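**Q** input25.cif is reproduced in full below (mmCIF, C-alpha atoms).
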```
data_my_file
#
loop_
_atom_site.label_atom_id
_atom_site.label_comp_id
_atom_site.auth_asym_id
_atom_site.auth_seq_id
_atom_site.Cartn_x
_atom_site.Cartn_y
_atom_site.Cartn_z
CA MET A 1 41.76 6.88 -3.13
CA THR A 2 40.22 8.88 -0.27
CA ASP A 3 37.94 11.26 -2.18
CA ALA A 4 34.29 10.22 -1.67
CA ALA A 5 33.44 10.65 -5.35
CA ASP A 6 36.33 8.41 -6.37
CA VAL A 7 35.37 5.74 -3.84
CA LYS A 8 31.74 5.78 -4.96
CA SER A 9 32.79 5.52 -8.61
CA ALA A 10 35.08 2.59 -7.84
CA ALA A 11 32.30 0.83 -5.92
CA ALA A 12 29.94 1.25 -8.86
CA GLN A 13 32.48 -0.24 -11.27
CA LEU A 14 32.98 -3.23 -8.98
CA MET A 15 29.27 -4.10 -8.73
CA PRO A 16 28.94 -6.62 -11.61
CA GLU A 17 31.64 -8.74 -9.97
CA VAL A 18 30.12 -8.26 -6.49
CA LEU A 19 26.65 -9.36 -7.61
CA GLU A 20 28.02 -12.40 -9.43
CA ARG A 21 29.72 -13.48 -6.23
CA LEU A 22 26.56 -12.82 -4.20
CA GLU A 23 24.54 -15.06 -6.49
CA THR A 24 27.13 -17.83 -6.14
CA LEU A 25 26.88 -17.63 -2.36
CA VAL A 26 23.07 -17.61 -2.31
CA ARG A 27 23.04 -20.92 -4.21
CA ILE A 28 24.64 -22.67 -1.23
CA PRO A 29 21.88 -23.69 1.27
CA SER A 30 23.98 -23.06 4.36
CA VAL A 31 21.35 -23.76 7.03
CA ALA A 32 23.17 -24.56 10.28
CA PHE A 33 20.07 -25.58 12.26
CA PRO A 34 20.22 -29.00 13.96
CA GLY A 35 18.80 -31.71 11.69
CA PHE A 36 19.89 -30.04 8.44
CA ASP A 37 22.61 -31.41 6.18
CA PRO A 38 25.95 -30.02 7.44
CA GLU A 39 27.69 -30.42 4.08
CA PRO A 40 26.40 -27.14 2.55
CA VAL A 41 27.42 -25.26 5.69
CA HIS A 42 30.99 -26.54 5.42
CA ARG A 43 30.93 -25.84 1.68
CA MET A 44 29.85 -22.29 2.43
CA GLY A 45 32.69 -21.82 4.90
CA ALA A 46 35.17 -22.85 2.21
CA ALA A 47 33.47 -20.51 -0.29
CA VAL A 48 33.91 -17.59 2.12
CA VAL A 49 37.61 -18.35 2.44
CA GLU A 50 37.87 -18.27 -1.36
CA LEU A 51 35.81 -15.05 -1.49
CA PHE A 52 38.23 -13.12 0.70
CA GLU A 53 41.29 -14.62 -0.94
CA ALA A 54 39.91 -13.33 -4.23
CA ALA A 55 39.59 -9.91 -2.59
CA GLY A 56 43.33 -9.93 -1.92
CA ALA A 57 43.30 -11.14 1.70
CA THR A 58 46.13 -13.42 2.78
CA GLY A 59 46.15 -16.01 5.53
CA VAL A 60 42.41 -16.54 5.42
CA THR A 61 41.60 -19.68 7.37
CA LEU A 62 38.82 -21.70 8.97
CA LEU A 63 39.11 -21.85 12.75
CA ASP A 64 37.45 -24.73 14.57
CA VAL A 65 34.82 -23.51 17.02
CA PRO A 66 34.21 -26.09 19.78
CA ASP A 67 30.81 -27.79 19.37
CA GLY A 68 29.93 -25.57 16.41
CA TYR A 69 30.68 -24.79 12.79
CA PRO A 70 34.05 -23.18 11.97
CA CYS A 71 34.49 -19.45 11.65
CA VAL A 72 36.42 -17.73 8.87
CA TYR A 73 39.28 -15.61 10.16
CA ALA A 74 42.06 -13.42 8.80
CA ASP A 75 44.40 -10.82 10.24
CA LEU A 76 45.63 -8.41 7.57
CA PRO A 77 48.51 -6.10 8.58
CA GLY A 78 48.45 -2.35 8.20
CA PRO A 79 50.85 0.52 8.85
CA GLU A 80 52.53 0.54 12.24
CA GLY A 81 50.51 2.47 14.78
CA SER A 82 47.32 2.35 12.74
CA PRO A 83 44.01 1.23 14.28
CA THR A 84 42.58 -2.26 13.93
CA VAL A 85 39.14 -2.72 12.36
CA LEU A 86 37.39 -6.10 12.52
CA LEU A 87 34.79 -6.85 9.82
CA TYR A 88 32.07 -9.28 10.89
CA ALA A 89 29.30 -11.14 9.05
CA HIS A 90 27.81 -14.65 9.11
CA TYR A 91 27.61 -17.28 6.40
CA ASP A 92 24.72 -19.40 7.70
CA VAL A 93 21.10 -18.69 6.77
CA GLN A 94 17.60 -19.32 8.02
CA PRO A 95 15.69 -22.35 6.69
CA ALA A 96 13.44 -21.69 3.69
CA ALA A 97 10.51 -24.03 4.19
CA GLU A 98 8.07 -24.47 1.32
CA SER A 99 5.30 -23.60 3.78
CA GLN A 100 6.61 -20.01 3.90
CA GLY A 101 5.19 -19.44 0.42
CA TRP A 102 8.18 -18.44 -1.70
CA SER A 103 7.35 -17.14 -5.19
CA SER A 104 10.71 -18.38 -6.53
CA GLU A 105 13.23 -21.03 -5.56
CA PRO A 106 14.86 -19.76 -2.35
CA PHE A 107 18.36 -20.99 -3.21
CA GLU A 108 18.30 -19.87 -6.82
CA PRO A 109 18.93 -16.10 -6.89
CA VAL A 110 16.54 -14.16 -9.10
CA THR A 111 16.61 -10.49 -10.06
CA LYS A 112 13.00 -9.35 -10.41
CA ASP A 113 11.41 -6.35 -12.09
CA ASP A 114 11.99 -4.16 -9.04
CA GLY A 115 15.74 -4.67 -9.44
CA ARG A 116 16.12 -6.52 -6.15
CA ILE A 117 17.89 -9.87 -5.87
CA TYR A 118 15.70 -12.54 -4.27
CA GLY A 119 16.90 -15.62 -2.42
CA ARG A 120 17.48 -16.96 1.06
CA GLY A 121 20.47 -15.17 2.54
CA ALA A 122 20.64 -12.58 -0.24
CA ALA A 123 20.22 -9.94 2.48
CA ASP A 124 20.84 -11.83 5.73
CA ASP A 125 23.77 -12.04 5.67
CA LYS A 126 25.45 -12.83 2.38
CA SER A 127 25.03 -9.18 1.48
CA GLY A 128 27.34 -8.49 4.42
CA LEU A 129 29.90 -10.90 3.01
CA VAL A 130 30.06 -9.17 -0.37
CA ILE A 131 30.11 -5.73 1.28
CA HIS A 132 33.27 -6.82 3.07
CA TYR A 133 34.58 -8.32 -0.17
CA GLY A 134 34.05 -5.05 -2.02
CA THR A 135 35.59 -3.04 0.81
CA LEU A 136 38.78 -5.11 0.74
CA LYS A 137 38.95 -4.81 -3.06
CA LEU A 138 38.71 -1.01 -2.88
CA LEU A 139 41.22 -0.70 -0.04
CA GLY A 140 43.74 -2.82 -1.94
CA ALA A 141 47.01 -4.19 -0.61
CA ASP A 142 48.04 -0.79 0.79
CA ARG A 143 45.16 -0.69 3.25
CA PRO A 144 45.48 2.21 5.72
CA CYS A 145 45.00 0.14 8.86
CA ARG A 146 45.08 -3.40 10.20
CA VAL A 147 41.96 -5.30 9.19
CA LYS A 148 40.66 -8.48 10.79
CA ILE A 149 37.91 -10.66 9.31
CA LEU A 150 35.51 -12.75 11.36
CA VAL A 151 32.65 -14.66 9.74
CA GLU A 152 30.66 -17.17 11.74
CA GLY A 153 28.68 -20.17 10.60
CA GLU A 154 25.83 -20.43 13.10
CA GLU A 155 24.53 -16.97 13.94
CA GLU A 156 20.98 -17.96 13.03
CA THR A 157 20.89 -20.86 15.48
CA ILE A 158 22.48 -21.35 18.91
CA SER A 159 25.92 -19.89 18.33
CA HIS A 160 29.07 -21.25 19.94
CA LEU A 161 31.21 -18.36 18.73
CA GLU A 162 30.77 -16.12 21.76
CA ALA A 163 32.61 -18.48 24.11
CA PHE A 164 35.33 -19.01 21.50
CA VAL A 165 35.88 -15.27 21.09
CA GLU A 166 36.02 -14.70 24.84
CA ALA A 167 38.50 -17.59 25.23
CA ASN A 168 40.79 -16.12 22.54
CA PRO A 169 40.69 -12.34 23.08
CA GLU A 170 44.04 -11.73 21.41
CA LEU A 171 42.67 -12.97 18.08
CA PHE A 172 39.66 -10.69 18.09
CA ALA A 173 40.86 -7.50 19.79
CA ALA A 174 40.18 -4.38 17.70
CA ASP A 175 39.63 -0.65 17.96
CA ALA A 176 36.38 -0.85 15.99
CA TYR A 177 34.06 -3.69 15.01
CA VAL A 178 31.97 -3.39 11.88
CA ILE A 179 28.88 -5.61 11.98
CA ALA A 180 27.39 -5.76 8.46
CA ASP A 181 24.22 -7.60 9.47
CA ILE A 182 21.48 -4.99 9.68
CA GLY A 183 20.28 -2.06 7.59
CA PRO A 184 18.35 1.21 7.22
CA GLN A 185 14.60 1.76 7.34
CA ARG A 186 14.31 2.15 3.58
CA VAL A 187 16.59 1.92 0.55
CA GLY A 188 18.60 5.09 -0.07
CA ARG A 189 18.23 6.44 3.48
CA PRO A 190 21.39 5.96 5.55
CA GLY A 191 20.76 4.46 8.96
CA LEU A 192 23.23 3.79 11.76
CA THR A 193 21.89 1.40 14.38
CA THR A 194 22.68 2.69 17.85
CA ALA A 195 20.83 0.17 20.02
CA LEU A 196 19.86 -3.49 19.92
CA ARG A 197 17.29 -5.24 22.03
CA GLY A 198 18.57 -8.43 23.63
CA ASP A 199 16.97 -11.84 23.19
CA VAL A 200 16.36 -14.32 25.99
CA ALA A 201 14.57 -17.62 25.50
CA CYS A 202 13.16 -20.51 27.50
CA THR A 203 10.80 -23.45 27.21
CA VAL A 204 7.74 -24.04 29.36
CA THR A 205 6.14 -27.47 29.74
CA VAL A 206 2.67 -27.96 31.16
CA ARG A 207 1.52 -31.39 32.43
CA THR A 208 -2.00 -32.25 33.55
CA LEU A 209 -2.55 -35.99 32.85
CA GLY A 210 -0.59 -39.23 32.97
CA ASN A 211 -1.58 -40.09 29.40
CA PRO A 212 -3.99 -38.96 26.67
CA VAL A 213 -7.66 -39.67 27.42
CA HIS A 214 -10.91 -39.51 25.45
CA SER A 215 -12.17 -35.93 25.35
CA GLY A 216 -15.82 -37.04 25.31
CA MET A 217 -15.57 -39.37 28.27
CA PHE A 218 -13.33 -37.20 30.47
CA GLY A 219 -13.51 -33.65 29.08
CA GLY A 220 -15.20 -31.12 31.35
CA ALA A 221 -13.46 -32.14 34.55
CA ALA A 222 -10.03 -33.46 33.57
CA PRO A 223 -7.83 -30.49 32.55
CA ASP A 224 -6.32 -30.46 29.06
CA ALA A 225 -2.66 -29.38 28.97
CA MET A 226 -3.21 -27.22 25.89
CA THR A 227 -6.01 -25.30 27.60
CA ALA A 228 -3.77 -24.74 30.62
CA MET A 229 -0.95 -23.57 28.35
CA ILE A 230 -3.27 -21.04 26.70
CA ARG A 231 -4.17 -19.63 30.11
CA ILE A 232 -0.50 -19.29 31.03
CA LEU A 233 0.52 -17.63 27.78
CA ASP A 234 -2.36 -15.17 28.04
CA THR A 235 -0.77 -13.69 31.18
CA LEU A 236 2.24 -12.42 29.22
CA HIS A 237 0.34 -9.50 27.62
CA ASP A 238 -2.24 -7.00 28.85
CA GLU A 239 -5.41 -6.01 27.02
CA HIS A 240 -3.42 -3.58 24.83
CA GLY A 241 -0.87 -6.19 23.78
CA ASP A 242 1.98 -4.77 25.88
CA THR A 243 4.30 -7.34 27.43
CA VAL A 244 3.61 -7.12 31.17
CA ILE A 245 5.81 -9.32 33.33
CA PRO A 246 6.91 -8.31 36.85
CA GLY A 247 10.60 -7.44 36.91
CA VAL A 248 10.93 -6.99 33.13
CA ASP A 249 12.22 -3.54 32.17
CA SER A 250 10.71 -1.11 29.67
CA GLY A 251 12.08 2.08 28.09
CA HIS A 252 11.61 4.99 25.67
CA TRP A 253 13.27 5.62 22.27
CA SER A 254 14.86 9.05 21.77
CA GLY A 255 16.41 8.68 18.29
CA ALA A 256 14.83 8.82 14.83
CA ASP A 257 11.25 7.61 14.54
CA MET A 258 10.26 4.33 12.96
CA GLU A 259 8.00 5.49 10.13
CA GLU A 260 4.60 3.85 10.03
CA ASP A 261 4.61 3.20 6.28
CA VAL A 262 7.99 1.50 6.53
CA TYR A 263 6.88 -0.60 9.47
CA ARG A 264 3.55 -1.58 7.95
CA GLU A 265 5.20 -2.58 4.67
CA GLY A 266 7.96 -4.54 6.34
CA SER A 267 5.79 -6.26 8.94
CA ALA A 268 3.10 -7.35 6.44
CA ILE A 269 0.28 -6.52 8.87
CA LEU A 270 -3.03 -7.22 7.18
CA PRO A 271 -5.40 -4.30 6.46
CA GLY A 272 -7.63 -3.61 9.44
CA VAL A 273 -5.44 -5.51 11.93
CA ASP A 274 -4.41 -3.35 14.90
CA TYR A 275 -0.90 -2.86 16.26
CA LEU A 276 0.04 -4.39 19.59
CA GLY A 277 0.98 -2.27 22.57
CA THR A 278 1.06 1.40 23.49
CA GLY A 279 3.49 4.27 22.90
CA SER A 280 5.25 5.20 19.67
CA LEU A 281 6.18 2.56 17.12
CA SER A 282 9.83 3.27 17.94
CA ASP A 283 9.19 2.60 21.63
CA ARG A 284 7.36 -0.64 20.92
CA ILE A 285 9.97 -2.21 18.64
CA TRP A 286 13.22 -0.68 19.89
CA ALA A 287 12.77 0.25 23.57
CA LYS A 288 10.08 -1.97 25.11
CA PRO A 289 10.07 -5.72 25.83
CA SER A 290 8.28 -8.11 23.50
CA VAL A 291 7.58 -11.78 24.20
CA THR A 292 6.76 -14.21 21.38
CA VAL A 293 5.71 -17.86 21.33
CA LEU A 294 8.11 -19.32 18.76
CA GLY A 295 6.72 -22.83 18.65
CA MET A 296 4.72 -25.46 20.42
CA ASP A 297 4.80 -29.24 20.59
CA LEU A 298 1.25 -30.46 19.95
CA PRO A 299 -0.69 -32.30 17.25
CA ASN A 300 -1.36 -30.48 13.99
CA THR A 301 -4.88 -30.34 12.58
CA THR A 302 -4.30 -33.38 10.37
CA GLU A 303 -3.21 -35.51 13.32
CA ALA A 304 -5.75 -34.10 15.79
CA SER A 305 -8.06 -36.58 17.50
CA ASN A 306 -10.65 -36.49 20.27
CA VAL A 307 -8.26 -36.62 23.20
CA LEU A 308 -7.20 -34.40 26.08
CA LEU A 309 -3.47 -33.70 25.84
CA PRO A 310 -1.41 -34.78 28.86
CA SER A 311 1.47 -32.36 28.25
CA VAL A 312 2.42 -29.46 25.99
CA THR A 313 5.76 -27.64 25.58
CA ALA A 314 6.18 -24.13 24.17
CA LYS A 315 9.35 -22.20 23.31
CA LEU A 316 9.30 -18.49 24.15
CA SER A 317 11.57 -15.66 23.09
CA MET A 318 11.58 -12.28 24.80
CA ARG A 319 13.25 -9.21 23.34
CA ILE A 320 14.64 -7.08 26.15
CA VAL A 321 15.42 -3.39 26.18
CA PRO A 322 18.85 -1.75 25.75
CA GLY A 323 20.52 -1.34 29.13
CA ALA A 324 18.70 -4.24 30.77
CA ASP A 325 20.45 -7.13 32.53
CA ALA A 326 19.70 -10.12 30.30
CA ASP A 327 20.13 -12.73 33.02
CA ALA A 328 17.80 -10.85 35.36
CA GLN A 329 15.21 -10.39 32.60
CA LEU A 330 15.22 -14.11 31.77
CA ASP A 331 14.93 -14.96 35.48
CA ALA A 332 11.89 -12.68 35.72
CA LEU A 333 10.22 -14.33 32.72
CA MET A 334 10.91 -17.84 34.02
CA ALA A 335 9.71 -16.96 37.52
CA HIS A 336 6.49 -15.56 36.10
CA LEU A 337 5.84 -18.70 34.07
CA ARG A 338 6.51 -20.97 37.06
CA ALA A 339 4.01 -18.99 39.13
CA GLN A 340 1.19 -19.64 36.63
CA ARG A 341 -0.46 -22.94 37.56
CA PRO A 342 -4.08 -23.05 36.37
CA TRP A 343 -5.90 -25.96 38.03
CA ASN A 344 -2.66 -26.79 39.89
CA CYS A 345 -1.09 -28.16 36.74
CA GLU A 346 2.61 -29.04 36.73
CA VAL A 347 4.78 -26.35 35.15
CA GLU A 348 8.43 -26.83 34.25
CA VAL A 349 10.53 -23.97 32.82
CA GLU A 350 14.02 -24.35 31.36
CA LYS A 351 16.52 -21.79 30.05
CA VAL A 352 17.42 -21.90 26.34
CA LYS A 353 19.69 -18.88 25.89
CA THR A 354 20.59 -15.38 26.99
CA GLY A 355 21.40 -12.67 24.43
CA HIS A 356 22.46 -9.30 25.82
CA PRO A 357 21.18 -5.91 24.59
CA PHE A 358 23.50 -3.18 23.37
CA ALA A 359 23.69 0.60 23.12
CA VAL A 360 26.26 2.66 21.19
CA ASP A 361 28.42 5.42 22.64
CA ALA A 362 27.59 8.04 20.02
CA SER A 363 30.59 10.18 21.02
CA HIS A 364 33.17 7.51 20.18
CA PRO A 365 35.49 8.69 17.37
CA ALA A 366 34.76 5.57 15.33
CA ILE A 367 31.00 6.20 15.50
CA VAL A 368 31.57 9.80 14.43
CA ALA A 369 33.67 8.52 11.53
CA ALA A 370 30.98 6.00 10.61
CA GLU A 371 28.29 8.68 10.48
CA SER A 372 30.50 10.87 8.30
CA ALA A 373 31.22 7.96 5.93
CA LEU A 374 27.53 7.06 5.63
CA GLU A 375 26.56 10.63 4.86
CA ALA A 376 29.25 10.87 2.19
CA ALA A 377 28.30 7.55 0.59
CA TYR A 378 24.56 8.28 0.53
CA GLY A 379 24.59 12.04 0.12
CA ALA A 380 21.95 12.36 2.83
CA PRO A 381 21.73 12.93 6.61
CA VAL A 382 22.16 9.81 8.77
CA GLU A 383 19.32 8.50 10.92
CA SER A 384 20.05 7.10 14.38
CA ILE A 385 17.83 4.02 14.53
CA GLY A 386 17.35 1.01 16.77
CA SER A 387 16.72 -2.64 16.12
CA GLY A 388 14.44 -5.12 17.78
CA ALA A 389 16.77 -7.86 16.60
CA SER A 390 19.80 -9.04 18.55
CA ILE A 391 23.35 -9.94 17.52
CA PRO A 392 24.67 -12.20 20.29
CA LEU A 393 28.35 -11.69 19.48
CA VAL A 394 28.22 -7.98 20.32
CA ALA A 395 28.32 -8.66 24.07
CA SER A 396 31.39 -10.86 23.67
CA LEU A 397 33.19 -8.24 21.59
CA GLN A 398 32.53 -5.70 24.33
CA LYS A 399 34.19 -8.06 26.82
CA VAL A 400 37.22 -8.54 24.56
CA ALA A 401 37.71 -4.81 23.96
CA PRO A 402 35.56 -2.72 26.34
CA GLY A 403 36.66 0.66 24.96
CA SER A 404 36.13 -0.17 21.31
CA ALA A 405 33.31 0.99 19.05
CA ILE A 406 30.77 -1.30 17.42
CA VAL A 407 29.40 -0.06 14.10
CA LEU A 408 26.08 -1.65 13.14
CA TRP A 409 24.94 -1.25 9.54
CA GLY A 410 24.38 -3.09 6.29
CA ALA A 411 22.08 -3.59 3.30
CA GLU A 412 19.07 -5.22 5.00
CA ASP A 413 16.42 -2.50 4.67
CA THR A 414 13.44 -2.87 7.02
CA ALA A 415 10.76 -2.09 4.45
CA GLN A 416 11.45 -4.76 1.85
CA SER A 417 14.22 -7.22 2.77
CA ARG A 418 11.90 -9.72 4.49
CA ILE A 419 14.77 -11.44 6.27
CA HIS A 420 13.81 -14.79 7.90
CA ALA A 421 10.66 -14.82 5.75
CA SER A 422 9.61 -15.81 2.25
CA ASP A 423 10.96 -13.83 -0.73
CA GLU A 424 13.93 -12.42 1.15
CA SER A 425 15.70 -9.87 -1.04
CA VAL A 426 18.35 -7.18 -1.20
CA ASP A 427 18.68 -3.99 -3.23
CA PRO A 428 21.99 -3.92 -5.15
CA GLY A 429 22.18 -0.16 -4.69
CA GLU A 430 22.37 -0.64 -0.92
CA ILE A 431 25.30 -3.03 -1.32
CA GLU A 432 27.09 -0.52 -3.53
CA ARG A 433 26.53 2.35 -1.11
CA MET A 434 27.65 0.25 1.86
CA ILE A 435 30.86 -0.80 0.10
CA ALA A 436 31.62 2.89 -0.40
CA ALA A 437 30.63 3.73 3.18
CA GLN A 438 32.82 1.02 4.72
CA THR A 439 35.78 2.01 2.59
CA LEU A 440 35.40 5.66 3.52
CA PHE A 441 34.95 4.72 7.18
CA ILE A 442 38.18 2.73 7.35
CA GLN A 443 40.10 5.43 5.49
CA GLY A 444 38.63 8.16 7.68
CA LEU A 445 39.25 6.32 10.95
CA ALA A 446 42.85 5.59 9.99
CA ALA A 447 43.44 9.21 9.00
CA ALA A 448 41.95 10.50 12.24
CA GLU A 449 44.05 8.17 14.37
CA GLN A 450 47.25 9.17 12.60
CA SER A 451 46.61 12.91 12.67
#
```
Please express the file's structure as structure tokens.
**A**
Amino acid sequence: MTDAADVKSAAAQLMPEVLERLETLVRIPSVAFPGFDPEPVHRMGAAVVELFEAAGATGVTLLDVPDGYPCVYADLPGPEGSPTVLLYAHYDVQPAAESQGWSSEPFEPVTKDDGRIYGRGAADDKSGLVIHYGTLKLLGADRPCRVKILVEGEEETISHLEAFVEANPELFAADAYVIADIGPQRVGRPGLTTALRGDVACTVTVRTLGNPVHSGMFGGAAPDAMTAMIRILDTLHDEHGDTVIPGVDSGHWSGADMEEDVYREGSAILPGVDYLGTGSLSDRIWAKPSVTVLGMDLPNTTEASNVLLPSVTAKLSMRIVPGADADAQLDALMAHLRAQRPWNCEVEVEKVKTGHPFAVDASHPAIVAAESALEAAYGAPVESIGSGASIPLVASLQKVAPGSAIVLWGAEDTAQSRIHASDESVDPGEIERMIAAQTLFIQGLAAAEQS
């Protein structure tokens, strides 16, 4: 079955089964963050093994990842001399706190009037799991090439998989890696992601006093750590909202434009609120750095009292541009923070993580095959888009197989998926089209390699 119309028809017929399996997966609250119950995460790992076994995969197993949750792995043989394609996704999800304001239970999948399926992980990244499931079902036992499966259990938190992959290159070597953990700008418009910003993170702690003191008796001369922290954080952006840190690289986006209506809908910017930064929207979210304060240790308004705070810690994340050296960018951020010492306060900065950026070689035969498969599955021209998000494993895969292609796509549309936020959702039509696209991609790549 290599004809595009036949593949698309087969994908459509498979969808009731695919969506039933997606709903089963969404019901498992597989949050791998520290402090959360590990049982659902392990249960989810076992469910993924069963998922791929039901798709016809043999030898599917859970591999222990040192210090982390296990990954799901399989190595499915293909014809001699055929290429190897590795299919990647992750089975852990973001937390779904009540404070986010969900309109339905996050771990009870609901199909609403717009036809989308709502639930935590429905898009990110359990949609990727069922896309791979559907792809294996359509390929069948006589798959045209060797297929490996890799599904990790802690992509949303500090992953331990990168070191494991780099320590076991023979397990994960491939000619092409398919990362089903991203998506197009809008439903029905095929998008191939050709660049990822990296993500580096650190904590900064500000100390001004030996202990809390009465704000009435001592305020006005004794410096408050929170006030000092505000002054430090204010140096990270200029008056336009651009991230301005000495030694941090910036760039320009040359692919398809991020459309303003898509961005405004997806970002949930309130009416009348201005954008940050300068340049095109594409530049700002795909090709320029962006620093964000992720959290801060300080009293909430309920616990607040009339005291000056002796110390405050903030966690910062900075998205870095494709082509930048992640270690050098983090060093620049940390050096800048250490240099900010309002009122000679004590400043301590510590590294949290380094996630490397990525850019696709558009001339690689596998990328050409991916574009052709997307166009056939969607019946529309393919957009070359970027992503402000990062996928840490990509850098490790590049080390394992430097000449291989990395295909970045999926069902997580920018406009409506709301990944990491309340009312996360996925459009079933995107899953169907991506099952067809992946099947056509693997068939096309295998045919091209054997010709």
**Q** Out of A:His252, A:Arg231, A:Lys126, A:Lys288, which residue has the shortest atom-to-atom distance to Asp92 (chain A) when counting all atoms listed in the file?
**A** A:Lys126
**Q** Expand the PyMOL selection byres ((chain A and resi 423) around 6) into the individual residues it matches in the shown file, reporting them as a PyMOL selection string.
**A** chain A and resi 102+422+424
**Q** Please measure the separation of CA of His42 (chain A) and CA of Leu19 (chain A), giving the value in Å to one decimal.
**A** 22.0 Å
**Q** Determine, counting only C-alpha atoms, which protein, DNA and RNA residues have an atom within 8 Å of an atom of Thr58 (chain A); residues of the same chain fewer than 2 positions away are not included. Present the result as a ChimeraX atom specification.
**A** /A:53,56,60,74,76
**Q** Can you tell me, as a PyMOL selection string, what residues are no more than 7 Å from region 144-157 of chain A when counting all atoms listed in the file, ignoring any on the same chain fewer than 4 positions away?
**A** chain A and resi 32-33+69-79+82-94+443+446
**Q** Tell me, as number ranges by chain, which residues lie within 7 Å of Lys353 (chain A), counting all atoms listed in the file; anything in the same chain fewer than 3 positions away does not count.
**A** A: 200-202
**Q** Check which residues satisfy the PyMOL selection byres ((chain A and resi 304-314) around 6) in the file shown, then give them as a tab-separated table (two decimals) with C-alpha atoms, in the frame of the given file.
**A**
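Once written, selection15.tsv looks like this:
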```tsv
chain	number	residue	atom	x	y	z
A	203	THR	CA	10.80	-23.45	27.21
A	204	VAL	CA	7.74	-24.04	29.36
A	205	THR	CA	6.14	-27.47	29.74
A	206	VAL	CA	2.67	-27.96	31.16
A	207	ARG	CA	1.52	-31.39	32.43
A	208	THR	CA	-2.00	-32.25	33.55
A	209	LEU	CA	-2.55	-35.99	32.85
A	211	ASN	CA	-1.58	-40.09	29.40
A	212	PRO	CA	-3.99	-38.96	26.67
A	213	VAL	CA	-7.66	-39.67	27.42
A	214	HIS	CA	-10.91	-39.51	25.45
A	215	SER	CA	-12.17	-35.93	25.35
A	224	ASP	CA	-6.32	-30.46	29.06
A	225	ALA	CA	-2.66	-29.38	28.97
A	295	GLY	CA	6.72	-22.83	18.65
A	296	MET	CA	4.72	-25.46	20.42
A	297	ASP	CA	4.80	-29.24	20.59
A	299	PRO	CA	-0.69	-32.30	17.25
A	300	ASN	CA	-1.36	-30.48	13.99
A	301	THR	CA	-4.88	-30.34	12.58
A	302	THR	CA	-4.30	-33.38	10.37
A	303	GLU	CA	-3.21	-35.51	13.32
A	315	LYS	CA	9.35	-22.20	23.31
```
**Q** For region 331-339 of chain A, list every protein, DNA or RNA residue within 7 Å, evaluated using all atoms listed in the file, and leave out those in the same chain fewer than 4 positions away; present the list as a VMD selection string.
**A** chain A and resid 245 to 248 327 347 to 349
**Q** Check the smallest atom-to-atom distance from each of A:Ala221, A:Met258, A:Leu374, A:Ala395 to Thr439 (chain A) using only C-alpha atoms, then report the winner.
**A**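 So, comparing all the options, the nearest one is A:Leu374.
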**Q** Evaluated on this file, the PyMOL selection byres ((chain A and resi 174-190) around 6) picks out some residues - which ones are they, written as a tab-separated table (two decimals) with C-alpha atoms, in the frame of the given file?
**A**
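Output (expr17.tsv):
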```
chain	number	residue	atom	x	y	z
A	84	THR	CA	42.58	-2.26	13.93
A	85	VAL	CA	39.14	-2.72	12.36
A	86	LEU	CA	37.39	-6.10	12.52
A	87	LEU	CA	34.79	-6.85	9.82
A	88	TYR	CA	32.07	-9.28	10.89
A	89	ALA	CA	29.30	-11.14	9.05
A	125	ASP	CA	23.77	-12.04	5.67
A	128	GLY	CA	27.34	-8.49	4.42
A	173	ALA	CA	40.86	-7.50	19.79
A	191	GLY	CA	20.76	4.46	8.96
A	382	VAL	CA	22.16	9.81	8.77
A	404	SER	CA	36.13	-0.17	21.31
A	405	ALA	CA	33.31	0.99	19.05
A	406	ILE	CA	30.77	-1.30	17.42
A	407	VAL	CA	29.40	-0.06	14.10
A	408	LEU	CA	26.08	-1.65	13.14
A	409	TRP	CA	24.94	-1.25	9.54
A	410	GLY	CA	24.38	-3.09	6.29
A	411	ALA	CA	22.08	-3.59	3.30
A	412	GLU	CA	19.07	-5.22	5.00
A	413	ASP	CA	16.42	-2.50	4.67
A	414	THR	CA	13.44	-2.87	7.02
A	415	ALA	CA	10.76	-2.09	4.45
```
